file my_file-v3.txt (compact mmCIF, C-alpha atoms and all ligand atoms)
# COMPACT_ATOMS: atom_id res chain seq x y z
CA MET A 1 -38.24 -0.75 0.86
CA CYS A 2 -35.29 0.29 -1.29
CA PHE A 3 -32.98 3.16 -0.29
CA SER A 4 -30.33 4.74 -2.41
CA VAL A 5 -27.17 4.67 -0.27
CA LEU A 6 -26.45 8.34 -0.95
CA SER A 7 -29.83 9.47 0.31
CA MET A 8 -29.50 7.58 3.61
CA TRP A 9 -27.47 10.37 5.20
CA LYS A 10 -29.01 13.77 5.54
CA PRO A 11 -27.18 16.92 6.58
CA ILE A 12 -28.52 18.61 9.70
CA ARG A 13 -30.18 21.94 9.01
CA ILE A 14 -32.33 24.47 10.81
CA GLY A 15 -34.78 26.97 9.41
CA THR A 16 -34.33 30.74 9.30
CA LYS A 17 -36.72 31.28 12.23
CA CYS A 18 -34.76 28.88 14.42
CA LYS A 19 -31.54 30.70 13.54
CA GLN A 20 -33.13 34.02 14.46
CA VAL A 21 -34.36 32.64 17.78
CA LEU A 22 -30.89 31.25 18.47
CA ASN A 23 -29.21 34.56 17.66
CA ILE A 24 -31.53 36.47 19.98
CA LEU A 25 -30.94 33.92 22.75
CA LYS A 26 -27.17 34.33 22.27
CA GLU A 27 -27.40 38.11 22.36
CA ARG A 28 -29.61 38.51 25.42
CA LYS A 29 -29.52 36.56 28.59
CA VAL A 30 -33.19 35.87 29.02
CA VAL A 31 -36.03 36.48 26.60
CA SER A 32 -39.73 35.69 26.84
CA GLY A 33 -41.73 33.75 24.26
CA GLU A 34 -43.94 36.79 23.87
CA GLU A 35 -41.01 39.08 23.02
CA LEU A 36 -39.63 36.54 20.55
CA SER A 37 -42.96 36.09 18.78
CA TYR A 38 -43.46 39.87 18.60
CA GLU A 39 -39.97 40.56 17.25
CA LEU A 40 -39.96 37.71 14.77
CA HIS A 41 -43.55 38.23 13.62
CA CYS A 42 -44.72 34.72 14.32
CA SER A 43 -46.92 32.79 16.73
CA ARG A 44 -45.89 31.60 20.19
CA THR A 45 -46.35 28.05 18.87
CA ALA A 46 -43.79 28.72 16.12
CA ILE A 47 -41.35 29.96 18.77
CA TRP A 48 -42.01 26.93 20.93
CA LYS A 49 -41.28 24.66 17.93
CA CYS A 50 -37.96 26.44 17.34
CA ILE A 51 -37.00 26.00 21.00
CA LYS A 52 -37.93 22.31 20.79
CA ARG A 53 -35.77 21.88 17.65
CA LEU A 54 -32.83 23.67 19.28
CA LYS A 55 -33.12 21.44 22.33
CA GLU A 56 -33.15 18.37 20.05
CA LEU A 57 -29.89 19.69 18.62
CA ARG A 58 -28.51 19.71 22.17
CA TYR A 59 -28.64 23.42 22.93
CA GLN A 60 -29.44 23.67 26.62
CA ILE A 61 -32.29 26.10 27.06
CA SER A 62 -34.20 26.62 30.27
CA SER A 63 -37.75 27.87 30.16
CA SER A 64 -39.58 29.51 33.00
CA PRO A 65 -43.16 30.77 32.80
CA ARG A 66 -42.13 33.97 34.60
CA SER A 67 -38.95 35.09 32.82
CA GLY A 68 -38.90 33.13 29.59
CA TYR A 69 -36.17 31.27 27.77
CA GLU A 70 -32.50 31.24 28.68
CA LEU A 71 -29.67 29.73 26.62
CA LEU A 72 -27.50 27.83 29.11
CA SER A 73 -25.00 26.22 26.74
CA VAL A 74 -24.15 25.67 23.10
CA PRO A 75 -23.12 22.08 22.22
CA ASP A 76 -19.63 21.37 20.88
CA ILE A 77 -21.01 20.33 17.53
CA PRO A 78 -19.72 21.96 14.34
CA TYR A 79 -23.14 22.85 12.95
CA PRO A 80 -22.93 24.97 9.76
CA TRP A 81 -24.70 27.97 11.30
CA GLU A 82 -22.10 27.96 14.12
CA MET A 83 -19.19 27.79 11.68
CA GLU A 84 -19.80 29.71 8.53
CA GLU A 85 -18.70 33.22 9.47
CA GLY A 86 -15.25 34.75 9.08
CA PHE A 87 -13.80 32.86 6.12
CA THR A 88 -12.89 34.01 2.64
CA LEU A 89 -12.65 30.64 0.89
CA PHE A 90 -15.03 28.52 2.91
CA HIS A 91 -18.71 29.33 2.68
CA ASN A 92 -20.76 26.19 2.17
CA PHE A 93 -20.77 24.07 5.35
CA LEU A 94 -22.61 20.78 5.81
CA TYR A 95 -22.79 18.67 8.96
CA PHE A 96 -23.79 15.01 9.19
CA GLU A 97 -24.35 13.07 12.39
CA GLU A 98 -23.27 9.92 10.53
CA ILE A 99 -21.96 9.25 7.03
CA ASP A 100 -20.01 6.59 5.12
CA SER A 101 -17.02 8.86 4.51
CA THR A 102 -16.82 12.64 4.20
CA ASN A 103 -14.33 12.18 1.33
CA ILE A 104 -16.58 9.80 -0.59
CA LYS A 105 -19.57 12.11 -0.17
CA LEU A 106 -17.75 15.33 -1.05
CA PHE A 107 -16.06 13.72 -4.06
CA SER A 108 -19.45 12.73 -5.47
CA MET A 109 -20.86 16.19 -4.68
CA ALA A 110 -17.90 17.76 -6.50
CA LYS A 111 -18.64 15.65 -9.56
CA GLU A 112 -22.15 17.06 -9.48
CA GLY A 113 -20.84 20.63 -9.35
CA ALA A 114 -20.50 21.51 -5.64
CA PRO A 115 -18.63 24.83 -5.37
CA GLU A 116 -15.06 25.37 -4.21
CA GLY A 117 -15.05 26.13 -0.48
CA THR A 118 -17.57 23.44 0.45
CA VAL A 119 -16.77 21.91 3.85
CA LEU A 120 -18.33 18.64 4.91
CA ILE A 121 -18.08 17.59 8.54
CA ALA A 122 -19.36 14.44 10.26
CA ASN A 123 -19.61 13.21 13.82
CA ARG A 124 -18.76 9.67 12.79
CA GLN A 125 -17.96 7.70 9.67
CA LEU A 126 -18.93 4.15 8.86
CA ARG A 127 -16.41 3.69 6.04
CA GLY A 128 -13.69 6.19 6.92
CA ARG A 129 -10.85 5.94 4.42
CA GLY A 130 -7.15 6.25 5.06
CA ARG A 131 -4.14 6.45 2.77
CA CYS A 132 -2.94 3.39 0.84
CA GLY A 133 -6.41 1.80 0.95
CA ARG A 134 -6.47 1.57 4.73
CA VAL A 135 -9.52 2.04 6.95
CA TRP A 136 -9.77 5.17 9.12
CA ILE A 137 -11.51 4.10 12.31
CA SER A 138 -14.05 6.85 12.97
CA PRO A 139 -15.91 6.69 16.30
CA PRO A 140 -18.10 9.67 17.30
CA GLY A 141 -16.60 12.81 18.78
CA ASN A 142 -13.48 13.26 16.65
CA ILE A 143 -12.99 15.53 13.67
CA TYR A 144 -13.87 14.09 10.28
CA MET A 145 -13.87 16.83 7.71
CA SER A 146 -13.37 17.21 3.98
CA ILE A 147 -12.86 20.40 2.05
CA LEU A 148 -13.29 21.02 -1.64
CA ILE A 149 -10.87 23.14 -3.65
CA LYS A 150 -10.44 23.80 -7.35
CA PRO A 151 -6.86 25.02 -7.70
CA GLN A 152 -6.67 24.85 -11.53
CA CYS A 153 -3.09 23.68 -11.50
CA LYS A 154 -1.02 20.85 -12.95
CA ALA A 155 -1.44 17.44 -11.34
CA GLN A 156 2.16 17.44 -10.05
CA ASP A 157 1.56 20.72 -8.17
CA GLY A 158 -1.14 18.89 -6.23
CA THR A 159 1.71 17.39 -4.14
CA PHE A 160 2.21 20.83 -2.68
CA ILE A 161 -1.41 21.02 -1.60
CA THR A 162 -0.85 17.70 0.17
CA LEU A 163 2.12 19.23 1.99
CA LEU A 164 0.43 22.52 2.83
CA SER A 165 -2.59 20.69 4.26
CA GLY A 166 -0.25 19.04 6.76
CA VAL A 167 1.36 22.37 7.65
CA ALA A 168 -2.09 23.96 8.11
CA VAL A 169 -3.25 21.28 10.55
CA ALA A 170 0.07 21.19 12.43
CA CYS A 171 0.05 25.00 12.82
CA ALA A 172 -3.55 24.93 14.10
CA ILE A 173 -2.67 22.21 16.62
CA ARG A 174 0.43 24.12 17.72
CA GLU A 175 -1.85 27.10 18.49
CA CYS A 176 -3.25 25.00 21.34
CA GLY A 177 0.21 24.40 22.75
CA VAL A 178 0.88 20.90 21.43
CA SER A 179 4.21 20.49 19.64
CA ALA A 180 2.87 18.69 16.60
CA ARG A 181 5.13 17.82 13.67
CA VAL A 182 4.44 16.76 10.11
CA LYS A 183 5.68 13.38 9.01
CA TRP A 184 6.03 13.19 5.24
CA PRO A 185 3.87 13.69 3.40
CA ASN A 186 1.24 14.94 5.82
CA ASP A 187 0.68 12.83 8.93
CA ILE A 188 0.56 14.90 12.08
CA VAL A 189 2.50 13.28 14.87
CA VAL A 190 3.06 14.00 18.54
CA LYS A 191 5.54 11.97 20.57
CA ASN A 192 5.99 9.68 17.54
CA LYS A 193 2.28 8.84 17.54
CA LYS A 194 -0.29 9.81 14.95
CA LEU A 195 -2.72 12.56 15.94
CA CYS A 196 -4.14 13.33 12.53
CA GLY A 197 -4.27 11.82 9.06
CA ILE A 198 -4.96 13.60 5.80
CA LEU A 199 -6.20 12.03 2.59
CA CYS A 200 -6.12 14.19 -0.56
CA GLU A 201 -8.04 12.86 -3.53
CA SER A 202 -8.19 14.63 -6.90
CA GLU A 203 -10.04 14.38 -10.14
CA LEU A 204 -7.68 15.00 -13.05
CA GLU A 205 -8.38 16.07 -16.61
CA ASN A 206 -5.66 16.35 -19.27
CA GLY A 207 -2.97 16.45 -16.61
CA ASN A 208 -4.69 19.25 -14.63
CA ILE A 209 -6.55 19.09 -11.35
CA ASN A 210 -10.28 19.53 -11.86
CA PHE A 211 -10.93 19.49 -8.14
CA MET A 212 -9.34 18.17 -4.98
CA VAL A 213 -10.95 16.85 -1.80
CA VAL A 214 -8.77 17.25 1.28
CA GLY A 215 -10.00 14.90 4.01
CA ILE A 216 -8.77 15.54 7.54
CA GLY A 217 -9.25 13.26 10.54
CA VAL A 218 -8.11 14.51 13.95
CA ASN A 219 -8.24 12.31 17.04
CA MET A 220 -9.86 14.39 19.76
CA ILE A 221 -10.61 11.59 22.19
CA LEU A 222 -9.96 7.87 21.85
CA SER A 223 -10.56 6.63 25.38
CA ASN A 224 -12.43 3.33 25.69
CA ILE A 225 -11.32 2.28 22.22
CA HIS A 226 -8.68 -0.41 22.38
CA LEU A 227 -8.09 -1.62 18.88
CA PRO A 228 -4.72 -2.92 17.65
CA GLU A 229 -4.99 -0.52 14.66
CA LEU A 230 -4.87 2.40 17.10
CA LYS A 231 -1.74 1.35 18.98
CA ASN A 232 0.27 4.10 17.27
CA ALA A 233 -2.46 6.73 17.57
CA ILE A 234 -2.70 9.57 20.05
CA SER A 235 -5.56 11.96 20.79
CA LEU A 236 -5.60 15.64 21.72
CA SER A 237 -7.10 14.75 25.07
CA GLU A 238 -4.10 12.49 25.77
CA CYS A 239 -1.94 15.54 24.97
CA GLY A 240 -3.76 17.36 27.79
CA VAL A 241 -5.84 19.54 25.48
CA ASN A 242 -9.55 19.85 25.92
CA MET A 243 -10.41 22.03 22.99
CA SER A 244 -13.75 22.24 21.25
CA ARG A 245 -14.04 20.68 17.81
CA ARG A 246 -15.52 23.93 16.54
CA GLU A 247 -12.51 25.96 17.64
CA LEU A 248 -10.02 23.50 16.17
CA ILE A 249 -11.87 23.19 12.85
CA ARG A 250 -11.99 26.98 12.64
CA ALA A 251 -8.24 27.22 13.34
CA ILE A 252 -7.46 24.54 10.71
CA LEU A 253 -9.59 26.25 8.07
CA LYS A 254 -8.01 29.63 8.81
CA GLN A 255 -4.51 28.18 8.45
CA PHE A 256 -5.54 26.36 5.29
CA GLU A 257 -6.84 29.60 3.76
CA ARG A 258 -3.56 31.34 4.57
CA LEU A 259 -1.37 28.63 3.04
CA TYR A 260 -3.62 27.91 0.08
CA SER A 261 -3.58 31.56 -0.94
CA ALA A 262 0.25 31.48 -0.69
CA PHE A 263 0.13 28.48 -3.03
CA LEU A 264 -2.17 30.26 -5.48
CA GLU A 265 0.22 33.23 -5.45
CA GLY A 266 3.00 30.84 -6.51
CA ARG A 267 4.88 30.99 -3.16
CA LYS A 268 5.78 27.30 -3.19
CA GLU A 269 9.24 27.92 -1.79
CA ASP A 270 7.74 29.67 1.29
CA ILE A 271 5.48 26.68 1.84
CA ARG A 272 8.43 24.29 1.52
CA LYS A 273 10.35 26.29 4.15
CA MET A 274 7.38 26.31 6.51
CA TYR A 275 7.05 22.58 5.96
CA LEU A 276 10.69 21.94 6.84
CA GLU A 277 10.42 24.04 10.01
CA ILE A 278 7.57 21.95 11.29
CA SER A 279 8.53 18.51 9.92
CA LEU A 280 10.61 15.76 11.54
CA PRO A 281 14.09 17.01 12.44
CA LYS A 282 16.75 16.72 9.74
CA GLY A 283 18.86 13.62 10.34
CA LYS A 284 16.17 11.66 12.16
CA VAL A 285 16.46 7.96 11.40
CA ILE A 286 13.40 6.76 9.52
CA SER A 287 12.19 3.74 7.57
CA ILE A 288 10.45 4.26 4.30
CA LYS A 289 8.16 1.73 2.70
CA THR A 290 8.01 2.03 -1.07
CA GLU A 291 6.00 -0.29 -3.31
CA LYS A 292 8.97 -2.62 -3.58
CA LYS A 293 10.92 -2.46 -0.33
CA ILE A 294 11.65 -0.85 3.01
CA ILE A 295 14.56 1.59 3.03
CA ARG A 296 16.24 2.81 6.20
CA GLY A 297 17.95 6.16 6.29
CA ARG A 298 17.90 9.69 7.66
CA PHE A 299 15.29 12.29 6.85
CA TRP A 300 17.14 14.97 4.87
CA ASP A 301 14.91 17.31 2.93
CA VAL A 302 11.72 17.83 0.99
CA ASP A 303 12.46 18.70 -2.58
CA ARG A 304 11.03 21.56 -4.67
CA ASP A 305 8.59 19.10 -6.23
CA GLY A 306 7.43 17.79 -2.86
CA ALA A 307 9.39 14.51 -2.89
CA ILE A 308 11.10 13.33 0.30
CA VAL A 309 14.91 13.21 0.24
CA ILE A 310 16.65 10.73 2.53
CA LEU A 311 20.25 9.92 3.18
CA ASP A 312 20.55 6.15 2.90
CA ASN A 313 22.91 3.95 4.92
CA GLU A 314 25.66 4.40 2.35
CA GLY A 315 25.40 8.17 2.66
CA LYS A 316 23.72 8.57 -0.75
CA ARG A 317 20.84 11.00 -1.20
CA ARG A 318 17.68 9.34 -2.48
CA LYS A 319 14.62 11.14 -3.67
CA ILE A 320 11.34 9.31 -3.21
CA TYR A 321 8.00 10.42 -4.64
CA SER A 322 5.59 7.81 -3.46
CA ALA A 323 6.07 5.93 -0.21
CA GLU A 324 5.10 5.80 3.41
CA VAL A 325 7.29 6.83 6.31
CA LEU A 326 6.88 4.13 8.93
C1 LIG B 1 -4.38 8.54 6.64
O1 LIG B 1 -4.41 7.35 6.34
O2 LIG B 1 -3.48 8.99 7.34
C2 LIG B 1 -5.43 9.50 6.12
C3 LIG B 1 -6.65 9.48 6.96
C4 LIG B 1 -7.71 10.48 6.51
C5 LIG B 1 -8.97 10.38 7.32
C6 LIG B 1 -9.95 11.45 6.97
S1 LIG B 1 -11.30 11.53 8.10
C7 LIG B 1 -12.15 12.61 7.04
C8 LIG B 1 -11.90 12.14 5.63
N1 LIG B 1 -12.87 11.13 5.25
C9 LIG B 1 -12.30 9.94 5.06
O3 LIG B 1 -12.92 8.90 4.74
N2 LIG B 1 -10.99 10.02 5.26
C10 LIG B 1 -10.58 11.36 5.60
call {"tool": "encode", "arguments": {"input": "my_file-v3.txt", "output": "structure tokens"}}
result
Amino acid sequence: MCFSVLSMWKPIRIGTKCKQVLNILKERKVVSGEELSYELHCSRTAIWKCIKRLKELRYQISSSPRSGYELLSVPDIPYPWEMEEGFTLFHNFLYFEEIDSTNIKLFSMAKEGAPEGTVLIANRQLRGRGRCGRVWISPPGNIYMSILIKPQCKAQDGTFITLLSGVAVACAIRECGVSARVKWPNDIVVKNKKLCGILCESELENGNINFMVVGIGVNMILSNIHLPELKNAISLSECGVNMSRRELIRAILKQFERLYSAFLEGRKEDIRKMYLEISLPKGKVISIKTEKKIIRGRFWDVDRDGAIVILDNEGKRRKIYSAEVL
């Protein structure tokens, strides 16, 4: 048998009836199959099938012949129907149990015309991608999410979206009491270890951005994984936070909406200031790896065009556009 790679992964969906059953279960404590079938104008068998599907999706529902169905718990899984309310930019959510990479998938969907505001989330990735061609190790249970935007701006302004993505995630993580900082351009670090990585990939046309995919990976829990690649990684659970993925994704998307609309309004200077407030402290000794060499110096500033400014060992200011802070 021959499969197309793209069709191997299917987003998880539920039908309208199932959503209605779920909403009624959330609203009322206990509800009988008879009431549900009467209210939703369908057979008891149809209701039973919805309950079965919801249980498969890890909703805990008890059923008793006397009282009926009771929703005991909602799983911490960012299903679209649990996420899609309350946003202005984000409206089209997709969730995959497994995928190659949320960035790869969303990039190809964007080429086929997916709308701005599409959010693709996965439980695990088989070919997670990091910056500079690295692999992003993606075991189940962490956040792997990509968002699609169409900012209609010049390619060089895209650097600012890279920066604001970092600020958005750091602000969302700070809301849960963790003092996260942004390391240029947009790694999120806690205690000098990496909590989150962001990979922005754009399609350009005549020097303008056609669309941009912002891929965000947040380590929620990394216990039992002892790989040398993860020696400089930290997870939210190691920071003492036991937050649901749904809540954190929601907080990140809210912050992103806030900062992205500031960007669209041309408030780049505000974003730069917010970035500097939350970035590594001025004067911190850092090493920067450019294509050609490693430079040691002190973190000094982020310029109006998004470049990092360091003070090198001779006290000279150096502006660097493309590099990695080690
Ligand atoms: C980095 O190297 O710091 C960037 C890592 C970005 C990882 C995220 S996880 C979701 C999205 N899909 C990918 O394949 N990569 C990004």
call {"tool": "residues_around", "arguments": {"input": "my_file-v3.txt", "residues": "range 99-116 of chain A", "least_positions_apart": "5", "cutoff": "6 Å", "atoms": "all atoms listed in the file", "output": "list in words"}}
result
Trp9, Gln125, Leu126, Arg127, Gly128, Ser146, Leu148, Ile149, Lys150 and Gly215 of chain A
call {"tool": "closest_residue", "arguments": {"input": "my_file-v3.txt", "among": "A:Phe263, A:Trp136, A:Tyr79, A:Phe96", "to": "ligand LIG 1 (chain B)", "atoms": "all atoms listed in the file"}}
result
A:Trp136
call {"tool": "residues_near_ligand", "arguments": {"input": "my_file-v3.txt", "ligand": "ligand LIG 1 (chain B)", "cutoff": "10 Å", "atoms": "all atoms listed in the file", "output": "PyMOL selection string"}}
result
chain A and resi 99-106+120-122+124-138+142-147+185-188+194-201+213-219+324
call {"tool": "closest_residue", "arguments": {"input": "my_file-v3.txt", "among": "A:Arg28, A:His41, A:Lys191, A:Arg53", "to": "Leu72 in chain A", "atoms": "only C-alpha atoms"}}
result
A:Arg28
call {"tool": "residues_around", "arguments": {"input": "my_file-v3.txt", "residues": "Arg258 in chain A", "least_positions_apart": "2", "cutoff": "12 Å", "atoms": "all atoms listed in the file", "output": "PDB file with C-alpha atoms, keeping the file's coordinate frame"}}
result
ATOM      1  CA  PHE A  87     -13.800  32.860   6.120  1.00  0.00           C
ATOM      2  CA  THR A  88     -12.890  34.010   2.640  1.00  0.00           C
ATOM      3  CA  LEU A  89     -12.650  30.640   0.890  1.00  0.00           C
ATOM      4  CA  PHE A  90     -15.030  28.520   2.910  1.00  0.00           C
ATOM      5  CA  LEU A 164       0.430  22.520   2.830  1.00  0.00           C
ATOM      6  CA  SER A 165      -2.590  20.690   4.260  1.00  0.00           C
ATOM      7  CA  VAL A 167       1.360  22.370   7.650  1.00  0.00           C
ATOM      8  CA  ALA A 168      -2.090  23.960   8.110  1.00  0.00           C
ATOM      9  CA  VAL A 169      -3.250  21.280  10.550  1.00  0.00           C
ATOM     10  CA  CYS A 171       0.050  25.000  12.820  1.00  0.00           C
ATOM     11  CA  ALA A 172      -3.550  24.930  14.100  1.00  0.00           C
ATOM     12  CA  ALA A 251      -8.240  27.220  13.340  1.00  0.00           C
ATOM     13  CA  ILE A 252      -7.460  24.540  10.710  1.00  0.00           C
ATOM     14  CA  LEU A 253      -9.590  26.250   8.070  1.00  0.00           C
ATOM     15  CA  LYS A 254      -8.010  29.630   8.810  1.00  0.00           C
ATOM     16  CA  GLN A 255      -4.510  28.180   8.450  1.00  0.00           C
ATOM     17  CA  PHE A 256      -5.540  26.360   5.290  1.00  0.00           C
ATOM     18  CA  TYR A 260      -3.620  27.910   0.080  1.00  0.00           C
ATOM     19  CA  SER A 261      -3.580  31.560  -0.940  1.00  0.00           C
ATOM     20  CA  ALA A 262       0.250  31.480  -0.690  1.00  0.00           C
ATOM     21  CA  PHE A 263       0.130  28.480  -3.030  1.00  0.00           C
ATOM     22  CA  LEU A 264      -2.170  30.260  -5.480  1.00  0.00           C
ATOM     23  CA  GLU A 265       0.220  33.230  -5.450  1.00  0.00           C
ATOM     24  CA  ARG A 267       4.880  30.990  -3.160  1.00  0.00           C
ATOM     25  CA  ASP A 270       7.740  29.670   1.290  1.00  0.00           C
ATOM     26  CA  ILE A 271       5.480  26.680   1.840  1.00  0.00           C
TER      27      ILE A 271
END
call {"tool": "atom_distance", "arguments": {"input": "my_file-v3.txt", "atom1": "CA of Leu326 in chain A", "atom2": "CA of Lys289 in chain A"}}
result
6.8 Å
call {"tool": "residues_around", "arguments": {"input": "my_file-v3.txt", "residues": "Arg13 in chain A", "least_positions_apart": "6", "cutoff": "9 Å", "atoms": "all atoms listed in the file", "output": "PyMOL selection string"}}
result
chain A and resi 79-81+94-95
call {"tool": "closest_residue", "arguments": {"input": "my_file-v3.txt", "among": "A:Glu70, A:Glu203, A:Glu277, A:Asp312", "to": "Gln152 in chain A", "atoms": "all atoms listed in the file"}}
result
A:Glu203
call {"tool": "closest_residue", "arguments": {"input": "my_file-v3.txt", "among": "A:Arg304, A:Lys154, A:Lys55, A:Lys231", "to": "Tyr275 in chain A", "atoms": "only C-alpha atoms"}}
result
A:Arg304
call {"tool": "residues_around", "arguments": {"input": "my_file-v3.txt", "residues": "Arg181 in chain A", "least_positions_apart": "2", "cutoff": "8 Å", "atoms": "only C-alpha atoms", "output": "list in words"}}
result
Ala170, Ser179, Lys183, Ile188, Val189, Val190, Ile278, Ser279 and Leu280 of chain A
call {"tool": "atom_distance", "arguments": {"input": "my_file-v3.txt", "atom1": "CA of Phe299 in chain A", "atom2": "CA of Gly266 in chain A"}}
result
26.0 Å
call {"tool": "closest_residue", "arguments": {"input": "my_file-v3.txt", "among": "A:Ile61, A:Ile14, A:Leu54, A:Asp76", "to": "Ile249 in chain A", "atoms": "all atoms listed in the file"}}
result
A:Asp76
call {"tool": "closest_residue", "arguments": {"input": "my_file-v3.txt", "among": "A:Pro139, A:Gly86, A:Gly15, A:Gly158", "to": "Gly306 in chain A", "atoms": "all atoms listed in the file"}}
result
A:Gly158
call {"tool": "residues_around", "arguments": {"input": "my_file-v3.txt", "residues": "Glu291 in chain A", "least_positions_apart": "2", "cutoff": "9 Å", "atoms": "all atoms listed in the file", "output": "list of chain:residue names"}}
result
A:Lys289, A:Lys293, A:Ile294, A:Ser322, A:Ala323
call {"tool": "atom_distance", "arguments": {"input": "my_file-v3.txt", "atom1": "CA of Lys282 in chain A", "atom2": "CA of Gly297 in chain A"}}
result
11.2 Å
call {"tool": "axis_aligned_box", "arguments": {"input": "my_file-v3.txt", "around": "range 160-179 of chain A", "padding_each_side": "3 Å", "output": "JSON"}}
result
{"center_x": 0.3, "center_y": 22.4, "center_z": 10.0, "size_x": 13.8, "size_y": 15.4, "size_z": 31.4}
call {"tool": "decode", "arguments": {"input": "my_file-v3.txt", "residues": "range 125-170 of chain A", "atoms": "C-alpha atoms", "output": "compact mmCIF listing (two decimals), in the first residue's frame"}}
result
# COMPACT_ATOMS: atom_id res chain seq x y z
CA GLN A 125 6.45 15.59 16.61
CA LEU A 126 8.53 13.04 14.77
CA ARG A 127 10.67 15.59 12.91
CA GLY A 128 10.53 18.64 15.16
CA ARG A 129 12.70 21.40 13.74
CA GLY A 130 14.86 23.85 15.61
CA ARG A 131 16.80 26.93 14.54
CA CYS A 132 19.99 26.61 12.48
CA GLY A 133 18.92 23.22 11.09
CA ARG A 134 18.85 21.56 14.49
CA VAL A 135 16.39 18.89 15.64
CA TRP A 136 13.75 19.81 18.24
CA ILE A 137 13.25 16.71 20.36
CA SER A 138 9.48 16.42 20.74
CA PRO A 139 8.21 13.75 23.15
CA PRO A 140 4.47 13.71 24.01
CA GLY A 141 3.01 16.10 26.56
CA ASN A 142 4.82 19.33 25.73
CA ILE A 143 3.59 22.24 23.66
CA TYR A 144 4.27 22.08 19.93
CA MET A 145 2.34 24.77 18.18
CA SER A 146 2.58 26.82 15.00
CA ILE A 147 0.61 29.90 14.10
CA LEU A 148 0.05 31.44 10.71
CA ILE A 149 0.14 35.19 10.13
CA LYS A 150 0.12 37.34 7.02
CA PRO A 151 1.56 40.67 8.15
CA GLN A 152 2.02 42.19 4.65
CA CYS A 153 5.24 43.90 5.60
CA LYS A 154 8.80 44.12 4.32
CA ALA A 155 11.01 41.10 4.90
CA GLN A 156 13.30 43.05 7.27
CA ASP A 157 10.34 43.92 9.53
CA GLY A 158 9.85 40.20 10.02
CA THR A 159 12.74 40.39 12.53
CA PHE A 160 10.40 42.29 14.81
CA ILE A 161 7.83 39.51 14.65
CA THR A 162 10.60 37.14 15.72
CA LEU A 163 11.30 39.40 18.71
CA LEU A 164 7.67 39.95 19.66
CA SER A 165 7.00 36.20 19.58
CA GLY A 166 9.64 35.80 22.27
CA VAL A 167 8.14 38.61 24.35
CA ALA A 168 4.66 37.06 24.00
CA VAL A 169 5.79 33.65 25.26
CA ALA A 170 7.93 35.11 28.06
